[in-house]
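Beneath this line is the structure, given in C-alpha cells, with notes to follow.
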Number of protein chains: 4
Amino acid sequence: MTHAQAMLDTHPRQVSNSSDLSEILHDLEECSATCRLCADACLAEDMVADLRRCIRLNLDCAAVCAATAEILGRQNEGDPRVTQSVVEACITACEACAEECERHAEMHEHCRICAETCRRCADACRRAISLVQ
Amino acid sequence: MTHAQAMLDTHPRQVSNSSDLSEILHDLEECSATCRLCADACLAEDMVADLRRCIRLNLDCAAVCAATAEILGRQNEGDPRVTQSVVEACITACEACAEECERHAEMHEHCRICAETCRRCADACRRAISLVQ
Amino acid sequence: MTHAQAMLDTHPRQVSNSSDLSEILHDLEECSATCRLCADACLAEDMVADLRRCIRLNLDCAAVCAATAEILGRQNEGDPRVTQSVVEACITACEACAEECERHAEMHEHCRICAETCRRCADACRRAISLVQ
Amino acid sequence: MTHAQAMLDTHPRQVSNSSDLSEILHDLEECSATCRLCADACLAEDMVADLRRCIRLNLDCAAVCAATAEILGRQNEGDPRVTQSVVEACITACEACAEECERHAEMHEHCRICAETCRRCADACRRAISLVQ
C-alpha cells in the first residue's frame, strides 16, 4: 500500500476507490519528476540545441502533472469541471511530451524512459476521468 | 513596462505581442498569489468550516494559474495544443473559484477581491487563446 | 530500481550514488504529497479550527520539499551553497511539521502518518547534505 | 496599492507592515517569473551549451522564490524558524543566480535584467528576515 492510499484511507471524507486514485497520483508524480529529470539530462547533452523542443515540453508536462496530482488528491468538495479540464490538459501535455521524446528515444535512453512514463501517465489520467464523474 | 515584457523583448526568439502577453502573464501571477492569500484568509476566519469549498477551489485555481503562467511564458517551440488545453483548464478554474468566492463576497472582503481577480484572469486567458493560435 | 534512478543512470553527466540520491528524491516527493494530503484531511475535520497551524505547516513543508526535490535532482553544474541551504531549510520545515503533526497523532491517523513521513524526509535530507559536499 | 496588500489588509489576522510585506512578495514573484523567462531565453540562444549553469541556477532560483513567496504570504500561525530558513535559502539562491547571470550580462540583455532582479530580491529577503523575527 502506498503512502497516498494510507492518507486517503484516513481522510475524514470517505474516499471510494482510494486504491485506484493513489495509483493515479503515483503515476502523475512519477511523470512530473521524470520529465524534470529528462529536461536536465537533455540540457547536458552535446546536441542540446536539437533538444530545445523536448526540454520545453518536458518542463510543460512536469508543471501540468504536478498541478493535476495536487488537484486530484484533494477530497474536500471541489468542482468536477475544474478537475476534469485539468486532467484533460494533462493528457494533452503527456501525449505531446511522449511524442517528442519518442523522436529521440533511440539516441537517448532518458527520452525513451520518459516517453514510456508519459504514455502511462496519460492512461492513468484517462482512468481518472471516470473517477471524477 | 513590466519586467516580463522587458524579458520577452530581449528573448532571442522574436515575441510578437510581447505587450499583450506580458499583461496576461501579470494577471495569471496576480491571480495565483491572490488565490493563495484568499485560502489563507479563509482558513483564519471563525467560520472556516463553511469555507472549505472556497479554500479548496482557491488552492486549485492557484496551482493551475501558476502552471499556465509558466507554460505561456515559454517561447521555445512547444505544442499549441498543450498551451491551449492548459489555458482552457485555467479559464474553468478561474470561473469556478470566482463563482464560489462571490457567494462569500458580502461577508468577506478578501473573497470579493479574489472573485474579481479570478474574473479578470479568466478574461486574460481568453485573450491568450487568440495569441496561441 | 525506481524511475528516478533509471533516469539518473542515463544522464549524460555521471551521477555517483544514483541509488542513494534516487531514494532521497523519493522521500522528498512522498513527503510533499503526504503533507498536501494531510492539509486536505485536516481541512475536512470537524475540529478544523484547531488544526490551522497544522494545515499551514503542512503546506509550507509541501512547498519546500517540492522545491528541494526539483533542485537536488538536477545534475547540470549548479552551486553547492544553494543546494545545501535549500536542503537545510527542508530539514527545518520537515521537523517543524512533524512536531505539529505529532501533537494530533493520537486523534488523527493522517497526522500520525504525516509526522512519520516528515521525520524520514528530514533524515533523507541529512544524508543529502553529505552528497552535496 | 498592490493586490497582495489589499488581500493582507482584509485578512482576519492583523498583518502589521502589510505594505512592506506586499512589496517583498512582489519582488519574490517577479524574480521567480524573471528567472524562468531567463532560463527559456538562454535555452534559445545559439550558445546554449555555454549557458547550462545559468539555466540551472535560473530554475533553482525560480523554484525557491516561488516557495518563499508562498510561505511568507501565509498569516496563519506558522513557525518562524521555517520561514527564516527558507528566506535564507532564497537569499543564497538569488545571489548565486545573480553572480552567474552577471557573467553573461554584457552579451545577453535578459541575463543583465535577471541579475538585477535577483539582487533586488535578495535585498527584499533581507528585509523579510526582520519582519519574521
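By convention here, the chains of the C-alpha cells are called A, B, ... in the order presented, each chain's residues are numbered starting at 1, and ligands are numbered starting at 1 in the order presented.
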For chain D, report every residue with an atom at most 10 Å from chain B (counting only C-alpha atoms), formatted as a PyMOL selection string.
chain D and resi 2-13+25-26+29-46+66+69-71+73-77+108-114+117
Run DSSP on the backbone and give me the residues of chain A it puts in alpha helix (DSSP H), as a ChimeraX atom specification.
/A:3-9,18-44,52-73,80-103,109-132
Need to verify the contact set: Asp79 in chain C, 12 Å, only C-alpha atoms, exclusion of same-chain residues closer than 4 positions in sequence. Can you return it as a count of residues only?
26
What does the distance between CA of Arg127 in chain A and CA of Val87 in chain B come to in Å, to one decimal place?
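Computed distance, CA of Arg127 in chain A to CA of Val87 in chain B, equals 22.4 Å.
The environment of Leu131 in chain C within 12 Å, counting only C-alpha atoms and disregarding residues fewer than 5 places along the same chain, consists of Val15, Ser16, Asn17, Ser18, Ser19, Asp20, Leu21, Ser22, Ile24, Leu72, Gly73, Pro80, Thr83, Gln84, Val87, Ala124, Cys125 and Arg126 of chain C.
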Keeping only all heavy atoms, write those residues as a tab-separated table (two decimals), in the first residue's frame.
```
chain	number	residue	atom	x	y	z
C	15	VAL	N	26.36	10.36	-12.59
C	15	VAL	CA	25.81	10.61	-11.27
C	15	VAL	C	26.33	9.53	-10.32
C	15	VAL	O	25.93	8.37	-10.41
C	15	VAL	CB	24.27	10.57	-11.29
C	15	VAL	CG1	23.71	10.85	-9.90
C	15	VAL	CG2	23.72	11.58	-12.30
C	16	SER	N	27.25	9.91	-9.47
C	16	SER	CA	27.73	8.93	-8.49
C	16	SER	C	26.64	8.82	-7.43
C	16	SER	O	25.90	9.78	-7.19
C	16	SER	CB	29.03	9.40	-7.85
C	16	SER	OG	28.82	10.61	-7.17
C	17	ASN	N	26.49	7.69	-6.85
C	17	ASN	CA	25.48	7.49	-5.81
C	17	ASN	C	24.06	7.69	-6.32
C	17	ASN	O	23.21	8.21	-5.59
C	17	ASN	CB	25.69	8.48	-4.65
C	17	ASN	CG	27.04	8.30	-3.98
C	17	ASN	OD1	27.44	7.19	-3.73
C	17	ASN	ND2	27.71	9.41	-3.70
C	18	SER	N	23.79	7.26	-7.55
C	18	SER	CA	22.43	7.46	-8.08
C	18	SER	C	21.41	6.69	-7.23
C	18	SER	O	20.25	7.10	-7.13
C	18	SER	CB	22.35	7.01	-9.54
C	18	SER	OG	22.45	5.60	-9.62
C	19	SER	N	21.85	5.61	-6.63
C	19	SER	CA	20.92	4.83	-5.81
C	19	SER	C	20.54	5.60	-4.55
C	19	SER	O	19.35	5.71	-4.20
C	19	SER	CB	21.58	3.49	-5.47
C	19	SER	OG	20.91	2.87	-4.41
C	20	ASP	N	21.53	6.17	-3.86
C	20	ASP	CA	21.25	6.99	-2.67
C	20	ASP	C	20.40	8.21	-3.04
C	20	ASP	O	19.42	8.53	-2.38
C	20	ASP	CB	22.56	7.52	-2.04
C	20	ASP	CG	23.38	6.39	-1.43
C	20	ASP	OD1	22.81	5.30	-1.22
C	20	ASP	OD2	24.58	6.60	-1.19
C	21	LEU	N	20.82	8.88	-4.11
C	21	LEU	CA	20.11	10.11	-4.49
C	21	LEU	C	18.66	9.83	-4.86
C	21	LEU	O	17.75	10.58	-4.48
C	21	LEU	CB	20.85	10.80	-5.65
C	21	LEU	CG	20.21	12.08	-6.16
C	21	LEU	CD1	20.00	13.11	-5.05
C	21	LEU	CD2	21.06	12.70	-7.28
C	22	SER	N	18.43	8.75	-5.59
C	22	SER	CA	17.05	8.48	-6.02
C	22	SER	C	16.17	8.12	-4.82
C	22	SER	O	14.97	8.43	-4.81
C	22	SER	CB	17.01	7.40	-7.09
C	22	SER	OG	17.51	6.19	-6.60
C	24	ILE	N	16.56	9.46	-1.84
C	24	ILE	CA	16.29	10.76	-1.21
C	24	ILE	C	15.20	11.51	-1.98
C	24	ILE	O	14.27	12.08	-1.39
C	24	ILE	CB	17.60	11.59	-1.13
C	24	ILE	CG1	18.59	10.92	-0.16
C	24	ILE	CG2	17.31	13.03	-0.72
C	24	ILE	CD1	20.01	11.43	-0.27
C	72	LEU	N	17.62	19.18	-6.04
C	72	LEU	CA	18.55	18.06	-5.80
C	72	LEU	C	18.63	17.14	-7.02
C	72	LEU	O	19.65	16.51	-7.26
C	72	LEU	CB	18.09	17.22	-4.61
C	72	LEU	CG	18.74	17.45	-3.26
C	72	LEU	CD1	18.19	16.44	-2.26
C	72	LEU	CD2	20.26	17.36	-3.31
C	73	GLY	N	17.55	17.05	-7.77
C	73	GLY	CA	17.52	16.15	-8.92
C	73	GLY	C	18.39	16.63	-10.07
C	73	GLY	O	18.85	15.82	-10.89
C	80	PRO	N	26.77	24.49	-4.99
C	80	PRO	CA	26.53	23.67	-3.79
C	80	PRO	C	25.97	24.47	-2.62
C	80	PRO	O	25.22	23.91	-1.81
C	80	PRO	CB	27.93	23.12	-3.44
C	80	PRO	CG	28.77	23.32	-4.64
C	80	PRO	CD	28.17	24.44	-5.44
C	83	THR	N	22.16	24.47	-3.09
C	83	THR	CA	21.57	23.16	-2.79
C	83	THR	C	21.59	22.92	-1.28
C	83	THR	O	20.58	22.50	-0.69
C	83	THR	CB	22.35	22.05	-3.53
C	83	THR	OG1	22.43	22.42	-4.91
C	83	THR	CG2	21.63	20.72	-3.41
C	84	GLN	N	22.73	23.22	-0.66
C	84	GLN	CA	22.82	22.96	0.78
C	84	GLN	C	21.84	23.82	1.59
C	84	GLN	O	21.19	23.32	2.52
C	84	GLN	CB	24.26	23.20	1.25
C	84	GLN	CG	24.42	22.83	2.72
C	84	GLN	CD	25.88	22.74	3.15
C	84	GLN	OE1	26.77	22.56	2.32
C	84	GLN	NE2	26.10	22.87	4.45
C	87	VAL	N	18.37	22.43	1.21
C	87	VAL	CA	18.22	21.17	1.96
C	87	VAL	C	18.09	21.48	3.45
C	87	VAL	O	17.28	20.86	4.16
C	87	VAL	CB	19.39	20.22	1.66
C	87	VAL	CG1	19.36	19.01	2.60
C	87	VAL	CG2	19.35	19.76	0.21
C	124	ALA	N	16.46	11.84	5.36
C	124	ALA	CA	16.94	11.77	3.97
C	124	ALA	C	17.70	13.04	3.61
C	124	ALA	O	18.75	12.99	2.95
C	124	ALA	CB	15.76	11.55	3.01
C	125	CYS	N	17.19	14.19	4.05
C	125	CYS	CA	17.86	15.46	3.76
C	125	CYS	C	19.23	15.53	4.43
C	125	CYS	O	20.17	16.07	3.86
C	125	CYS	CB	17.00	16.64	4.23
C	125	CYS	SG	15.57	16.94	3.17
C	126	ARG	N	19.33	14.96	5.61
C	126	ARG	CA	20.65	14.94	6.28
C	126	ARG	C	21.64	14.11	5.47
C	126	ARG	O	22.80	14.49	5.34
C	126	ARG	CB	20.50	14.39	7.71
C	126	ARG	CG	19.91	15.42	8.66
C	126	ARG	CD	19.84	14.94	10.10
C	126	ARG	NE	18.85	15.76	10.79
C	126	ARG	CZ	17.59	15.41	11.05
C	126	ARG	NH1	17.14	14.20	10.72
C	126	ARG	NH2	16.77	16.26	11.65
```
Suppose you want the space between CA of Cys118 in chain C and CA of Asp27 in chain C; what is it in Å?
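For CA of Cys118 in chain C relative to CA of Asp27 in chain C, the distance reads 8.8 Å.
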Work out how far CA of Glu23 in chain D is from CA of Ala89 in chain C, in Å to one decimal.
22.9 Å
